[in-house]
Amino acid sequence: MIPRNFFGRTGHESTRAVFGAAALARVTQEEADRTLEVLLQYGVNHIDVAATYGDAELRIAPWLSAHPGRFFVATKTGSRTYDEAKRDIHRSLERMGVQRVDLIQLHSLADPIEWDKALSPNGALEACIEAREQGLVRFIGVTGHGSQIAATHLRSLERFDFDSVLLPYSYIMMQDHHYAAMFEKVLAVCTRRNVAVLTIKSIARRPWWGREHTRSTWYEPFDEQRDIDAAVHWVLARPGIFLATVGDIQLLPKVLNAASRFTVSPDDETMREQSARLEMLPLFV
């Protein structure tokens, strides 16, 4: 089984590998239900979905009905205004067939203009706070991608006391010294405030860059178990952070298998060898 840890101040003991439901965006219900069996096999108890992940919210609805209370459910709104975000929240609840979600997140909040709009009066944050007051959500988080997102999250945490943040974290990403420095600052703030940190792109190898897409992920991921093991174990070696699983249901069992066998971090030589052998490149420049 996969180790668990408290997801920040939420009080929920989440598996350190959180199911990234973007993997369900374009699958059938039958495929989704087979994926559920994999999650149950490994004891995964936390789902991270979003209003913009295709049919993913619809696909997990039968899971939540059949297993009430089993999963910590997080979703996201990519809207920036109060009215639009409020609409998204109610639509997500309807699509998932639930009266409340555990966490609502402002999705991919990076662009400076969008950031200011979402966090200002009549912005999306206002809708999230209202939903929390109404008991429709319990906690509020913020997510983002890109090499500048750690610095942006620092600003977001100054503006509002978010309960969670989501951002990239991998061996190759942390070779960018500027990003690594900003990540450490975000992590320090989150540790001090007991804010949950969910990380993404752990098994990203490099951009496709014209190569044939052989996986449903927008980046080229690792395929071999030994490479997935090293990448996943390197992330999980960082105490207190969580790892979102891959956006491909075929690779999901390998990621969960790796997470279930985590003991120690691979050494630097192993990670450098993997990076060179697989010609790894950062996704975000």
# chains A, B, ... in the order shown; residues from 1 in each chain; ligands from 1
call {"tool": "select_by_dssp", "arguments": {"residues": "stretch 53-282 of chain A", "states": "strand (DSSP E)", "output": "PyMOL selection string"}}
result
chain A and resi 72-77+101-106+137-143+164-168+196-200+204-207+219-221+242-244
call {"tool": "write_last_selection", "arguments": {"atoms": "C-alpha atoms", "output": "CSV table (one decimal), in the first residue's frame"}}
result
chain,number,residue,atom,x,y,z
A,72,PHE,CA,-10.8,13.2,-0.6
A,73,VAL,CA,-12.2,15.0,-3.7
A,74,ALA,CA,-10.5,18.1,-5.1
A,75,THR,CA,-11.7,19.9,-8.3
A,76,LYS,CA,-10.7,23.2,-10.0
A,77,THR,CA,-12.2,26.2,-11.7
A,101,VAL,CA,-16.2,18.7,-2.4
A,102,ASP,CA,-13.3,18.8,-0.1
A,103,LEU,CA,-11.1,21.2,-2.1
A,104,ILE,CA,-11.8,23.8,-4.8
A,105,GLN,CA,-8.7,25.2,-6.5
A,106,LEU,CA,-8.1,28.2,-8.7
A,137,VAL,CA,-16.4,23.2,-0.4
A,138,ARG,CA,-14.2,22.7,2.7
A,139,PHE,CA,-10.9,24.1,1.5
A,140,ILE,CA,-9.4,26.5,-1.1
A,141,GLY,CA,-6.2,25.9,-3.1
A,142,VAL,CA,-4.3,27.3,-6.1
A,143,THR,CA,-2.6,25.5,-8.9
A,164,SER,CA,-3.0,24.0,-0.8
A,165,VAL,CA,-0.8,24.7,-3.7
A,166,LEU,CA,0.0,22.5,-6.8
A,167,LEU,CA,3.1,23.0,-8.9
A,168,PRO,CA,5.7,21.0,-10.9
A,196,ALA,CA,-0.5,21.1,1.5
A,197,VAL,CA,1.9,20.8,-1.5
A,198,LEU,CA,0.8,18.6,-4.4
A,199,THR,CA,3.4,18.2,-7.1
A,200,ILE,CA,3.0,17.3,-10.8
A,204,ALA,CA,7.9,13.8,-17.5
A,205,ARG,CA,10.8,13.0,-19.8
A,206,ARG,CA,10.7,15.9,-22.3
A,207,PRO,CA,8.3,17.7,-24.7
A,219,TYR,CA,4.5,15.6,-22.7
A,220,GLU,CA,6.6,12.5,-23.4
A,221,PRO,CA,6.6,10.4,-20.2
A,242,PHE,CA,2.4,14.7,-2.5
A,243,LEU,CA,2.7,13.4,-6.0
A,244,ALA,CA,-0.1,13.6,-8.6
call {"tool": "residues_around", "arguments": {"residues": "stretch 280-285 of chain A", "least_positions_apart": "4", "cutoff": "12 Å", "atoms": "only C-alpha atoms", "output": "VMD selection string"}}
result
chain A and resid 144 to 149 167 to 176 178 to 179 200 to 209 218 to 222 227 231 271 to 276
call {"tool": "write_last_selection", "arguments": {"atoms": "C-alpha atoms", "output": "compact mmCIF listing (two decimals), in the first residue's frame"}}
result
# COMPACT_ATOMS: atom_id res chain seq x y z
CA GLY A 144 -0.14 26.36 -11.71
CA HIS A 145 2.40 25.22 -14.28
CA GLY A 146 5.53 26.69 -15.76
CA SER A 147 8.91 27.86 -14.58
CA GLN A 148 7.52 31.04 -12.99
CA ILE A 149 4.71 29.44 -11.00
CA LEU A 167 3.11 22.97 -8.92
CA PRO A 168 5.75 21.02 -10.88
CA TYR A 169 8.48 19.13 -9.06
CA SER A 170 10.88 16.65 -10.64
CA TYR A 171 14.60 15.98 -10.86
CA ILE A 172 14.98 17.71 -14.21
CA MET A 173 12.80 20.65 -13.16
CA MET A 174 14.93 21.22 -10.08
CA GLN A 175 18.07 21.50 -12.19
CA ASP A 176 16.79 24.98 -13.07
CA HIS A 178 16.01 29.79 -10.32
CA TYR A 179 13.00 27.49 -10.17
CA ILE A 200 2.99 17.32 -10.81
CA LYS A 201 5.03 16.08 -13.79
CA SER A 202 7.15 13.62 -11.80
CA ILE A 203 7.63 11.23 -14.74
CA ALA A 204 7.87 13.82 -17.51
CA ARG A 205 10.80 13.00 -19.80
CA ARG A 206 10.67 15.87 -22.31
CA PRO A 207 8.30 17.67 -24.72
CA TRP A 208 7.09 15.68 -27.73
CA TRP A 209 8.47 18.30 -30.11
CA TRP A 218 0.84 16.30 -23.47
CA TYR A 219 4.50 15.59 -22.69
CA GLU A 220 6.59 12.49 -23.38
CA PRO A 221 6.60 10.43 -20.16
CA PHE A 222 8.82 7.61 -18.94
CA ASP A 227 12.79 4.90 -14.79
CA ALA A 231 11.47 9.52 -10.71
CA MET A 271 19.42 10.47 -11.40
CA ARG A 272 22.20 12.01 -13.50
CA GLU A 273 22.58 8.77 -15.44
CA GLN A 274 18.83 8.60 -16.08
CA SER A 275 18.75 12.20 -17.23
CA ALA A 276 21.59 11.65 -19.70
call {"tool": "residues_around", "arguments": {"residues": "A:Gly97", "least_positions_apart": "4", "cutoff": "12 Å", "atoms": "only C-alpha atoms", "output": "PyMOL selection string"}}
result
chain A and resi 57-66+68+90-93+101
call {"tool": "write_last_selection", "arguments": {"atoms": "C-alpha atoms", "output": "PDB file, in the first residue's frame"}}
result
ATOM      1  CA  GLU A  57     -15.871  14.647 -13.360  1.00  0.00           C
ATOM      2  CA  LEU A  58     -18.609  12.556 -14.980  1.00  0.00           C
ATOM      3  CA  ARG A  59     -16.408   9.461 -14.917  1.00  0.00           C
ATOM      4  CA  ILE A  60     -15.731   9.644 -11.182  1.00  0.00           C
ATOM      5  CA  ALA A  61     -19.391  10.268 -10.275  1.00  0.00           C
ATOM      6  CA  PRO A  62     -20.241   6.538 -10.104  1.00  0.00           C
ATOM      7  CA  TRP A  63     -17.142   5.952  -7.953  1.00  0.00           C
ATOM      8  CA  LEU A  64     -18.220   8.548  -5.417  1.00  0.00           C
ATOM      9  CA  SER A  65     -21.723   7.085  -5.311  1.00  0.00           C
ATOM     10  CA  ALA A  66     -20.479   3.528  -4.842  1.00  0.00           C
ATOM     11  CA  PRO A  68     -19.145   7.394  -0.267  1.00  0.00           C
ATOM     12  CA  HIS A  90     -22.175  24.270  -9.025  1.00  0.00           C
ATOM     13  CA  ARG A  91     -21.692  22.502 -12.348  1.00  0.00           C
ATOM     14  CA  SER A  92     -18.879  20.379 -10.900  1.00  0.00           C
ATOM     15  CA  LEU A  93     -21.022  19.357  -7.945  1.00  0.00           C
ATOM     16  CA  VAL A 101     -16.219  18.725  -2.428  1.00  0.00           C
TER      17      VAL A 101
END
call {"tool": "closest_residue", "arguments": {"among": "A:Val98, A:Met182, A:Leu252, A:Ala127", "to": "A:Ala17", "atoms": "only C-alpha atoms"}}
result
A:Leu252
call {"tool": "residues_around", "arguments": {"residues": "A:Val18", "least_positions_apart": "3", "cutoff": "12 Å", "atoms": "only C-alpha atoms", "output": "MDAnalysis selection string"}}
result
chainID A and resid 2:5 7 13:15 21:22 39 42:49 71:74 166 197:200 236 241:247 252 255:256 259
call {"tool": "atom_distance", "arguments": {"atom1": "atom CA of A:Cys128", "atom2": "atom CA of A:Gly78"}}
result
11.8 Å
call {"tool": "select_by_dssp", "arguments": {"residues": "stretch 132-229 of chain A", "states": "alpha helix (DSSP H)", "output": "number ranges by chain"}}
result
A: 132-133, 149-159, 177-193, 225-229
call {"tool": "write_last_selection", "arguments": {"atoms": "N, CA and C atoms", "output": "compact mmCIF listing (two decimals), in the first residue's frame"}}
result
# COMPACT_ATOMS: atom_id res chain seq x y z
N ARG A 132 -17.35 28.07 0.29
CA ARG A 132 -16.89 27.52 1.56
C ARG A 132 -17.85 27.91 2.68
N GLU A 133 -18.30 29.14 2.69
CA GLU A 133 -19.24 29.60 3.71
C GLU A 133 -20.57 28.87 3.61
N ILE A 149 5.87 29.62 -11.88
CA ILE A 149 4.71 29.44 -11.00
C ILE A 149 5.08 29.42 -9.53
N ALA A 150 6.27 28.96 -9.18
CA ALA A 150 6.64 28.97 -7.77
C ALA A 150 6.67 30.40 -7.23
N ALA A 151 7.24 31.30 -8.02
CA ALA A 151 7.27 32.71 -7.61
C ALA A 151 5.86 33.28 -7.54
N THR A 152 5.01 32.89 -8.48
CA THR A 152 3.62 33.38 -8.47
C THR A 152 2.87 32.84 -7.26
N HIS A 153 3.12 31.58 -6.91
CA HIS A 153 2.47 31.02 -5.72
C HIS A 153 2.86 31.79 -4.46
N LEU A 154 4.08 32.24 -4.40
CA LEU A 154 4.50 33.05 -3.24
C LEU A 154 3.64 34.31 -3.13
N ARG A 155 3.40 34.95 -4.26
CA ARG A 155 2.53 36.13 -4.26
C ARG A 155 1.11 35.75 -3.86
N SER A 156 0.63 34.62 -4.38
CA SER A 156 -0.72 34.19 -4.06
C SER A 156 -0.89 33.93 -2.57
N LEU A 157 0.13 33.33 -1.96
CA LEU A 157 0.06 33.04 -0.53
C LEU A 157 0.14 34.30 0.32
N GLU A 158 0.73 35.35 -0.24
CA GLU A 158 0.73 36.64 0.45
C GLU A 158 -0.65 37.30 0.37
N ARG A 159 -1.34 37.05 -0.73
CA ARG A 159 -2.64 37.68 -0.98
C ARG A 159 -3.76 36.98 -0.22
N HIS A 177 18.11 26.34 -11.54
CA HIS A 177 18.46 26.88 -10.22
C HIS A 177 17.48 27.96 -9.77
N HIS A 178 16.98 28.76 -10.71
CA HIS A 178 16.01 29.79 -10.32
C HIS A 178 14.73 29.14 -9.83
N TYR A 179 14.23 28.16 -10.59
CA TYR A 179 13.00 27.49 -10.17
C TYR A 179 13.20 26.77 -8.84
N ALA A 180 14.35 26.10 -8.70
CA ALA A 180 14.61 25.36 -7.46
C ALA A 180 14.61 26.30 -6.26
N ALA A 181 15.20 27.48 -6.42
CA ALA A 181 15.24 28.44 -5.31
C ALA A 181 13.84 28.90 -4.95
N MET A 182 13.01 29.18 -5.96
CA MET A 182 11.64 29.61 -5.70
C MET A 182 10.81 28.48 -5.09
N PHE A 183 11.02 27.26 -5.57
CA PHE A 183 10.30 26.12 -5.01
C PHE A 183 10.61 25.98 -3.52
N GLU A 184 11.88 26.11 -3.17
CA GLU A 184 12.26 25.99 -1.76
C GLU A 184 11.59 27.07 -0.92
N LYS A 185 11.46 28.27 -1.46
CA LYS A 185 10.80 29.35 -0.72
C LYS A 185 9.32 29.04 -0.52
N VAL A 186 8.67 28.55 -1.58
CA VAL A 186 7.26 28.18 -1.46
C VAL A 186 7.09 27.07 -0.42
N LEU A 187 7.95 26.06 -0.51
CA LEU A 187 7.84 24.94 0.41
C LEU A 187 8.04 25.40 1.85
N ALA A 188 8.95 26.31 2.07
CA ALA A 188 9.19 26.82 3.43
C ALA A 188 7.95 27.52 3.97
N VAL A 189 7.33 28.35 3.13
CA VAL A 189 6.11 29.04 3.56
C VAL A 189 5.00 28.04 3.85
N CYS A 190 4.84 27.07 2.96
CA CYS A 190 3.78 26.08 3.13
C CYS A 190 4.02 25.22 4.37
N THR A 191 5.26 24.88 4.63
CA THR A 191 5.57 24.09 5.81
C THR A 191 5.23 24.87 7.08
N ARG A 192 5.60 26.15 7.07
CA ARG A 192 5.34 26.99 8.23
C ARG A 192 3.84 27.16 8.48
N ARG A 193 3.06 27.27 7.42
CA ARG A 193 1.62 27.51 7.55
C ARG A 193 0.79 26.23 7.53
N GLN A 225 9.55 0.70 -16.08
CA GLN A 225 9.31 0.71 -14.64
C GLN A 225 10.50 1.24 -13.86
N ARG A 226 11.72 0.88 -14.26
CA ARG A 226 12.89 1.33 -13.49
C ARG A 226 13.04 2.85 -13.53
N ASP A 227 12.68 3.44 -14.68
CA ASP A 227 12.79 4.90 -14.79
C ASP A 227 11.67 5.58 -14.01
N ILE A 228 10.48 5.01 -14.05
CA ILE A 228 9.37 5.55 -13.26
C ILE A 228 9.68 5.41 -11.77
N ASP A 229 10.25 4.28 -11.39
CA ASP A 229 10.63 4.08 -9.98
C ASP A 229 11.54 5.20 -9.51
call {"tool": "atom_distance", "arguments": {"atom1": "atom CA of A:Ala51", "atom2": "atom CA of A:Gly240"}}
result
26.9 Å
